[in-house]
There are 2 protein chains.
Amino acid sequence: MTTIYDVAQAAGVSISTVSHVLNGTRFVSEATKARVLQAVEQLGYRPSSLARALVRQVTHTVGLIVPDNVNPFFAEVARGIEDCGLAAGYSVILCNSDRSLSKEEIYLDMLISKRVDGLVYMTVQTRGEMLQPLKDHNIHAVVFDREYEGFDALLLDNLGGGYDAARHLLSLGHRRIACITGPDGPTRSQDRVTGYQRALEEAGIVPDPELVVAGDWTFESGRRAARHLLHLDDPPTAIFACNDAMAVGVLSYLCSRGIRVPEELSVMGYDNIALSAYTCPPLTTMATPIREVGQCLCELLLGRIAGQLPPEPQRVVIRSELLVRGSTGPARA
Amino acid sequence: MTTIYDVAQAAGVSISTVSHVLNGTRFVSEATKARVLQAVEQLGYRPSSLARALVRQVTHTVGLIVPDNVNPFFAEVARGIEDCGLAAGYSVILCNSDRSLSKEEIYLDMLISKRVDGLVYMTVQTRGEMLQPLKDHNIHAVVFDREYEGFDALLLDNLGGGYDAARHLLSLGHRRIACITGPDGPTRSQDRVTGYQRALEEAGIVPDPELVVAGDWTFESGRRAARHLLHLDDPPTAIFACNDAMAVGVLSYLCSRGIRVPEELSVMGYDNIALSAYTCPPLTTMATPIREVGQCLCELLLGRIAGQLPPEPQRVVIRSELLVRGSTGPARA
DNA sequence: TTGAAAGCGCTAACAA
DNA sequence: TTGTTAGCGCTTTCAA
């Protein structure tokens, strides 16, 4: 392991000179600069970010806590964050919480110990106090789809999205519209359900609680929910899944039963993950600009870290818009 | 930011005592231990991994370079690695190379600077020399699906997999079997094509080069390839896509043209990503234990880091096995 | 135009 | 049973 001392010695200068040529932080004559650079090259020297971070108190590293990076939505967001981070010279530490409180705590501890400069927090934690230690170590955090006092947040317009989704189905003549939600709990995405209900009510339909069933965002849960819904005495003519993955599960179940979409049943999702353009039929969905969500999250965080943001916590809202593809159609007469 | 000094002061002991109670590295009387712990608690002290890493020369951090974490295959592998790493107290830095040489170099530099203890390298780089700097900084690396002199490797049995895939199609009576490959280049996954060709030849079929078309592992490329293949004068009766994502693209194209699977055309993929159980119809595929791939990669790396592996580079081979679902069927008479 | 030296927050001899 | 101190590899003031 070659250190700055080795380089200094090889170049016949002091370590401070080496440091300064490497960082361009004060004038160094061309001649010595050249010698230093050559020594660096020849020795294959790479400055230790560790040592640097210790003195500068910045690591150029951020943490990313997601429920599960396999979930296509989070995969795409993670990608957006990673890209944006790379461009700014940040690396990102990936953390999968599985929505488990204890895992979140472990990761939080780990990230604090590692002295990350900031953290994108995309998971479902009730108690905002859990983030307090971050403050104590002045680690900035931006929170996704949820609001914590004192933290920047990127919010989705779930209410509007759920509303628009239901309106679309309503406009096709559907009256019995089912909704597959996320797991119970204080998820803001429950707002999608609220939006859906509001649209129904406005259309003079009293929402049937039987038609609202909980999934857990996975393919499999969508599939199960579909099976359940279609065995109801009075089954729905349309299903709105609160994310695309569950909608794919619905499609999969319908396919296995030979039920034609959208002729016999309309299906729609939410998010517009890449996959949803390739299902059979292609999925009508509430399109969220997912990569931009990631980018925006990252920009918020980096802006905060750089001290370029106003002191008060920021609130950015991102809307989703209806994208009609082949999986929804007129209700059968 | 509270440091070990603050804790020592608050507890009325020296910093070495604090260090030792925190690390359990030498005997400390119950009384002082209690006082230290209390001070730690009260001050919300978290040791700096940075400082610790600087002296101990280990960061408990590993790098992961993948082409794209959105690709479901790599998403699942990443998950496997992350889980395994967490269990051992390691964090993982996520890097997306997009198979770009320059990005790989940037990441490699970054990871070396950050002094990761090791690195899982899952991307397509011709020149093994690029990994030389790792050696110089004695950073261990395990390489996926490729062999570099002096590095541990986890290999897939692509040859056998391609062979078995084609055999399956052959056994269903197909004679014109197309193959959608990855991008050109020295990918080991070209072996899947070789295996496929070998099976055809053994069945007395001379492989038609027109039937082998290159994709880039994405949904879209599968779709495009399918379109191309079906416009051939003598189109195939079966398509073997070298990964599931492309097979999904194929399915999507067929769906849009109203071509029934498997009645009119058989389709199979490779990998068995989670999604492939939920396509319409469910995808026949060469099932790879993807999570285990991730776990194995991680175990190899951590084993190497811990010095528990024999000095010579390890070679672990993982096989995929045929999983017949609904997307393949008898060739039409 | 450059060097010396203090210090970032820890660990781990070495002493007591 | 505990404390003192020398680093780990850097940045950055202060001096020259």
# chains A, B, ... in the order shown; residues from 1 in each chain; ligands from 1
>>> residues_around(residues="C:DA16", least_positions_apart="6", cutoff="12 Å", atoms="only C-alpha atoms (C1' of nucleotides)", output="PyMOL selection string")
chain D and resi 1-4
>>> residues_around(residues="C:DC8", least_positions_apart="4", cutoff="10 Å", atoms="only C-alpha atoms (C1' of nucleotides)", output="list in words")
Ala51, Arg52, Ala53, Leu54, Val55, Arg56 and Gln57 of chain A; Leu50 and Ala51 of chain B; DC10 and DT11 of chain D
>>> closest_atom_pairs(of="chain B", to="chain D", cutoff="12 Å", atoms="only C-alpha atoms (C1' of nucleotides)", output="Markdown table")
| residue | atom | partner | partner_atom | distance |
| --- | --- | --- | --- | --- |
| B:Ala8 | CA | D:DG3 | C1' | 11.5 |
| B:Gly12 | CA | D:DT2 | C1' | 11.5 |
| B:Val13 | CA | D:DT2 | C1' | 8.2 |
| B:Ser14 | CA | D:DG3 | C1' | 6.1 |
| B:Ile15 | CA | D:DG3 | C1' | 8.6 |
| B:Ser16 | CA | D:DG3 | C1' | 7.5 |
| B:Thr17 | CA | D:DT2 | C1' | 7.1 |
| B:Val18 | CA | D:DT2 | C1' | 10.7 |
| B:His20 | CA | D:DT2 | C1' | 10.6 |
| B:Val21 | CA | D:DT2 | C1' | 11.8 |
| B:Arg26 | CA | D:DT1 | C1' | 10.1 |
| B:Phe27 | CA | D:DT1 | C1' | 7.8 |
| B:Val28 | CA | D:DT1 | C1' | 6.8 |
| B:Ser29 | CA | D:DT1 | C1' | 7.1 |
| B:Glu30 | CA | D:DT1 | C1' | 10.8 |
| B:Ala31 | CA | D:DT1 | C1' | 11.1 |
| B:Thr32 | CA | D:DT1 | C1' | 10.0 |
| B:Lys33 | CA | D:DT1 | C1' | 11.6 |
| B:Leu50 | CA | D:DC8 | C1' | 10.5 |
| B:Ala51 | CA | D:DC8 | C1' | 8.2 |
| B:Arg52 | CA | D:DC8 | C1' | 8.8 |
| B:Ala53 | CA | D:DC8 | C1' | 8.4 |
| B:Leu54 | CA | D:DC8 | C1' | 5.0 |
| B:Val55 | CA | D:DC8 | C1' | 4.2 |
| B:Arg56 | CA | D:DC8 | C1' | 7.5 |
| B:Gln57 | CA | D:DC8 | C1' | 7.8 |
| B:Val58 | CA | D:DC8 | C1' | 11.1 |
| B:Ser113 | CA | D:DG9 | C1' | 11.7 |
| B:Arg115 | CA | D:DG9 | C1' | 11.9 |
>>> residues_around(residues="B:Val124", least_positions_apart="4", cutoff="12 Å", atoms="only C-alpha atoms (C1' of nucleotides)", output="PyMOL selection string")
chain B and resi 65-68+96-104+128+130+143-148+182-189
>>> select_by_dssp(residues="stretch 37-267 of chain B", states="strand (DSSP E)", output="PyMOL selection string")
chain B and resi 61-66+91-96+118-121+140-144+152-156+177-181+212-214+238-241+266-267
>>> atom_distance(atom1="atom CA of B:Ala214", atom2="atom CA of B:Pro289")
24.7 Å
>>> residues_around(residues="A:Ser327", least_positions_apart="4", cutoff="10 Å", atoms="only C-alpha atoms (C1' of nucleotides)", output="VMD selection string")
chain A and resid 238 247 251 260 to 263 265 to 269 279 to 285
>>> write_last_selection(atoms="all heavy atoms", output="tab-separated table (two decimals), in the first residue's frame")
chain	number	residue	atom	x	y	z
A	238	ALA	N	-63.67	-4.52	-13.12
A	238	ALA	CA	-62.36	-3.88	-13.30
A	238	ALA	C	-61.58	-3.96	-12.01
A	238	ALA	O	-62.15	-3.94	-10.92
A	238	ALA	CB	-62.54	-2.41	-13.71
A	247	ALA	N	-50.52	-5.68	-10.42
A	247	ALA	CA	-51.34	-5.77	-11.62
A	247	ALA	C	-50.85	-6.92	-12.51
A	247	ALA	O	-51.65	-7.64	-13.13
A	247	ALA	CB	-51.31	-4.45	-12.38
A	251	LEU	N	-52.97	-10.05	-13.92
A	251	LEU	CA	-52.95	-10.51	-15.31
A	251	LEU	C	-52.60	-11.99	-15.38
A	251	LEU	O	-53.19	-12.75	-16.15
A	251	LEU	CB	-51.89	-9.70	-16.07
A	251	LEU	CG	-52.30	-8.62	-17.08
A	251	LEU	CD1	-53.70	-8.09	-16.85
A	251	LEU	CD2	-51.29	-7.49	-17.10
A	260	ARG	N	-60.33	-13.09	-20.57
A	260	ARG	CA	-59.71	-12.15	-21.49
A	260	ARG	C	-59.71	-10.72	-20.97
A	260	ARG	O	-60.69	-10.23	-20.41
A	260	ARG	CB	-60.41	-12.21	-22.85
A	260	ARG	CG	-60.03	-13.48	-23.65
A	260	ARG	CD	-60.91	-13.66	-24.85
A	260	ARG	NE	-62.32	-13.55	-24.48
A	260	ARG	CZ	-63.24	-12.92	-25.22
A	260	ARG	NH1	-62.91	-12.38	-26.37
A	260	ARG	NH2	-64.50	-12.85	-24.80
A	261	VAL	N	-58.54	-10.08	-21.14
A	261	VAL	CA	-58.37	-8.69	-20.74
A	261	VAL	C	-58.15	-7.87	-21.99
A	261	VAL	O	-57.32	-8.24	-22.82
A	261	VAL	CB	-57.14	-8.56	-19.82
A	261	VAL	CG1	-56.90	-7.11	-19.45
A	261	VAL	CG2	-57.28	-9.43	-18.58
A	262	PRO	N	-58.87	-6.79	-22.21
A	262	PRO	CA	-59.83	-6.19	-21.29
A	262	PRO	C	-61.28	-6.57	-21.57
A	262	PRO	O	-62.18	-6.04	-20.94
A	262	PRO	CB	-59.65	-4.70	-21.59
A	262	PRO	CG	-59.38	-4.66	-23.06
A	262	PRO	CD	-58.62	-5.93	-23.37
A	263	GLU	N	-61.51	-7.51	-22.52
A	263	GLU	CA	-62.88	-7.79	-22.92
A	263	GLU	C	-63.75	-8.20	-21.73
A	263	GLU	O	-64.87	-7.71	-21.58
A	263	GLU	CB	-62.92	-8.90	-23.98
A	263	GLU	CG	-62.35	-8.49	-25.33
A	263	GLU	CD	-60.83	-8.53	-25.35
A	263	GLU	OE1	-60.22	-8.89	-24.31
A	263	GLU	OE2	-60.22	-8.19	-26.39
A	265	LEU	N	-62.54	-8.33	-18.41
A	265	LEU	CA	-62.17	-7.65	-17.18
A	265	LEU	C	-61.08	-6.62	-17.49
A	265	LEU	O	-60.17	-6.92	-18.25
A	265	LEU	CB	-61.63	-8.68	-16.17
A	265	LEU	CG	-61.52	-8.20	-14.73
A	265	LEU	CD1	-62.86	-8.31	-14.02
A	265	LEU	CD2	-60.49	-9.02	-13.97
A	266	SER	N	-61.23	-5.45	-16.93
A	266	SER	CA	-60.19	-4.43	-17.10
A	266	SER	C	-59.24	-4.46	-15.92
A	266	SER	O	-59.65	-4.73	-14.79
A	266	SER	CB	-60.82	-3.04	-17.23
A	266	SER	OG	-61.36	-2.86	-18.52
A	267	VAL	N	-57.98	-4.18	-16.20
A	267	VAL	CA	-56.97	-4.19	-15.15
A	267	VAL	C	-56.11	-2.95	-15.31
A	267	VAL	O	-55.71	-2.60	-16.41
A	267	VAL	CB	-56.05	-5.42	-15.27
A	267	VAL	CG1	-54.95	-5.37	-14.21
A	267	VAL	CG2	-56.86	-6.70	-15.14
A	268	MET	N	-55.85	-2.29	-14.21
A	268	MET	CA	-54.84	-1.25	-14.31
A	268	MET	C	-53.91	-1.24	-13.12
A	268	MET	O	-54.20	-1.79	-12.06
A	268	MET	CB	-55.42	0.13	-14.62
A	268	MET	CG	-56.25	0.79	-13.59
A	268	MET	SD	-56.75	2.46	-14.19
A	268	MET	CE	-55.19	3.34	-14.20
A	269	GLY	N	-52.75	-0.65	-13.34
A	269	GLY	CA	-51.72	-0.63	-12.31
A	269	GLY	C	-51.34	0.79	-11.93
A	269	GLY	O	-52.11	1.74	-12.15
A	279	THR	N	-46.34	-6.43	-20.81
A	279	THR	CA	-47.25	-7.46	-20.36
A	279	THR	C	-48.23	-7.78	-21.47
A	279	THR	O	-48.23	-7.14	-22.52
A	279	THR	CB	-48.03	-7.00	-19.12
A	279	THR	OG1	-48.69	-5.77	-19.44
A	279	THR	CG2	-47.10	-6.78	-17.93
A	280	CYS	N	-49.05	-8.75	-21.21
A	280	CYS	CA	-49.99	-9.16	-22.23
A	280	CYS	C	-51.40	-9.12	-21.65
A	280	CYS	O	-51.73	-9.96	-20.83
A	280	CYS	CB	-49.66	-10.58	-22.69
A	280	CYS	SG	-50.77	-11.21	-23.93
A	281	PRO	N	-52.23	-8.16	-22.00
A	281	PRO	CA	-51.90	-7.01	-22.85
A	281	PRO	C	-51.08	-5.98	-22.06
A	281	PRO	O	-51.02	-6.08	-20.84
A	281	PRO	CB	-53.28	-6.44	-23.18
A	281	PRO	CG	-54.10	-6.77	-21.99
A	281	PRO	CD	-53.60	-8.10	-21.51
A	282	PRO	N	-50.51	-5.03	-22.77
A	282	PRO	CA	-49.76	-3.97	-22.09
A	282	PRO	C	-50.65	-3.28	-21.06
A	282	PRO	O	-51.85	-3.11	-21.27
A	282	PRO	CB	-49.39	-3.02	-23.22
A	282	PRO	CG	-49.41	-3.85	-24.45
A	282	PRO	CD	-50.47	-4.89	-24.23
A	283	LEU	N	-50.04	-2.89	-20.00
A	283	LEU	CA	-50.79	-2.42	-18.84
A	283	LEU	C	-51.14	-0.93	-18.88
A	283	LEU	O	-50.28	-0.08	-19.05
A	283	LEU	CB	-49.94	-2.70	-17.60
A	283	LEU	CG	-50.60	-2.78	-16.23
A	283	LEU	CD1	-51.67	-3.85	-16.21
A	283	LEU	CD2	-49.53	-3.06	-15.19
A	284	THR	N	-52.41	-0.66	-18.70
A	284	THR	CA	-52.81	0.72	-18.44
A	284	THR	C	-52.37	1.04	-17.01
A	284	THR	O	-52.54	0.22	-16.12
A	284	THR	CB	-54.33	0.88	-18.56
A	284	THR	OG1	-54.71	0.67	-19.92
A	284	THR	CG2	-54.77	2.26	-18.10
A	285	THR	N	-51.81	2.20	-16.82
A	285	THR	CA	-51.26	2.48	-15.50
A	285	THR	C	-51.20	3.98	-15.22
A	285	THR	O	-51.41	4.79	-16.11
A	285	THR	CB	-49.85	1.85	-15.39
A	285	THR	OG1	-49.41	1.87	-14.03
A	285	THR	CG2	-48.84	2.61	-16.24
>>> residues_around(residues="B:Val70", least_positions_apart="6", cutoff="9 Å", atoms="only C-alpha atoms (C1' of nucleotides)", output="list in words")
Asn69, Val70, Pro72, Phe73, Phe74, Ala75, Glu76, Ala78 and Arg79 of chain A
>>> write_last_selection(atoms="N, CA, C and O atoms", output="PDB file, in the first residue's frame")
ATOM      1  N   ASN A  69     -34.674  -4.006  -3.157  1.00  0.00           N
ATOM      2  CA  ASN A  69     -34.199  -3.528  -4.448  1.00  0.00           C
ATOM      3  C   ASN A  69     -34.628  -4.418  -5.618  1.00  0.00           C
ATOM      4  O   ASN A  69     -34.403  -4.078  -6.765  1.00  0.00           O
ATOM      5  N   VAL A  70     -35.260  -5.542  -5.324  1.00  0.00           N
ATOM      6  CA  VAL A  70     -35.737  -6.403  -6.397  1.00  0.00           C
ATOM      7  C   VAL A  70     -37.075  -5.901  -6.935  1.00  0.00           C
ATOM      8  O   VAL A  70     -37.385  -6.066  -8.101  1.00  0.00           O
ATOM      9  N   PRO A  72     -39.301  -3.853  -8.827  1.00  0.00           N
ATOM     10  CA  PRO A  72     -38.885  -3.050  -9.985  1.00  0.00           C
ATOM     11  C   PRO A  72     -38.975  -1.544  -9.742  1.00  0.00           C
ATOM     12  O   PRO A  72     -38.147  -0.783 -10.227  1.00  0.00           O
ATOM     13  N   PHE A  73     -39.959  -1.129  -8.985  1.00  0.00           N
ATOM     14  CA  PHE A  73     -40.075   0.298  -8.709  1.00  0.00           C
ATOM     15  C   PHE A  73     -38.832   0.795  -7.980  1.00  0.00           C
ATOM     16  O   PHE A  73     -38.179   1.759  -8.401  1.00  0.00           O
ATOM     17  N   PHE A  74     -38.469   0.123  -6.925  1.00  0.00           N
ATOM     18  CA  PHE A  74     -37.310   0.572  -6.155  1.00  0.00           C
ATOM     19  C   PHE A  74     -36.014   0.357  -6.923  1.00  0.00           C
ATOM     20  O   PHE A  74     -35.057   1.115  -6.776  1.00  0.00           O
ATOM     21  N   ALA A  75     -36.005  -0.681  -7.754  1.00  0.00           N
ATOM     22  CA  ALA A  75     -34.821  -0.900  -8.576  1.00  0.00           C
ATOM     23  C   ALA A  75     -34.589   0.315  -9.469  1.00  0.00           C
ATOM     24  O   ALA A  75     -33.478   0.822  -9.576  1.00  0.00           O
ATOM     25  N   GLU A  76     -35.666   0.804 -10.059  1.00  0.00           N
ATOM     26  CA  GLU A  76     -35.510   1.944 -10.958  1.00  0.00           C
ATOM     27  C   GLU A  76     -35.166   3.219 -10.210  1.00  0.00           C
ATOM     28  O   GLU A  76     -34.348   4.030 -10.656  1.00  0.00           O
ATOM     29  N   ALA A  78     -33.562   3.338  -7.412  1.00  0.00           N
ATOM     30  CA  ALA A  78     -32.175   3.167  -6.977  1.00  0.00           C
ATOM     31  C   ALA A  78     -31.234   3.527  -8.119  1.00  0.00           C
ATOM     32  O   ALA A  78     -30.216   4.192  -7.932  1.00  0.00           O
ATOM     33  N   ARG A  79     -31.611   3.093  -9.305  1.00  0.00           N
ATOM     34  CA  ARG A  79     -30.785   3.393 -10.454  1.00  0.00           C
ATOM     35  C   ARG A  79     -30.699   4.902 -10.685  1.00  0.00           C
ATOM     36  O   ARG A  79     -29.629   5.454 -10.949  1.00  0.00           O
TER      37      ARG A  79
END
>>> closest_residue(among="B:Cys84, B:Leu119, B:Ile180, B:Leu232", to="B:Gly215", atoms="only C-alpha atoms")
B:Ile180
>>> select_by_dssp(residues="stretch 46-262 of chain A", states="alpha helix (DSSP H)", output="PyMOL selection string")
chain A and resi 49-56+72-87+101-113+132-136+158-171+190-202+219-230+244-257
>>> interface_residues(of="chain C", to="chain A", cutoff="9 Å", atoms="only C-alpha atoms (C1' of nucleotides)", output="list of chain:residue names")
C:DT1, C:DT2, C:DG3, C:DG7, C:DC8, C:DG9
>>> write_last_selection(atoms="C-alpha atoms (C1' of nucleotides)", output="PDB file, in the first residue's frame")
ATOM      1  C1'  DT C   1       7.442  28.269  -4.245  1.00  0.00           C
ATOM      2  C1'  DT C   2       7.635  24.831  -0.601  1.00  0.00           C
ATOM      3  C1'  DG C   3       7.996  22.401   4.113  1.00  0.00           C
ATOM      4  C1'  DG C   7      -4.843  17.060  14.181  1.00  0.00           C
ATOM      5  C1'  DC C   8      -9.141  14.166  12.210  1.00  0.00           C
ATOM      6  C1'  DG C   9     -11.077   9.742  15.737  1.00  0.00           C
TER       7       DG C   9
END
>>> residues_around(residues="B:Leu154", least_positions_apart="4", cutoff="12 Å", atoms="only C-alpha atoms (C1' of nucleotides)", output="number ranges by chain")
B: 120-122, 141-148, 188, 292-301, 313-319
>>> residues_around(residues="B:Glu210", least_positions_apart="2", cutoff="9 Å", atoms="only C-alpha atoms (C1' of nucleotides)", output="list in words")
Ala178, Pro207, Asp208, Val212, Val213, Leu229 and Leu232 of chain B
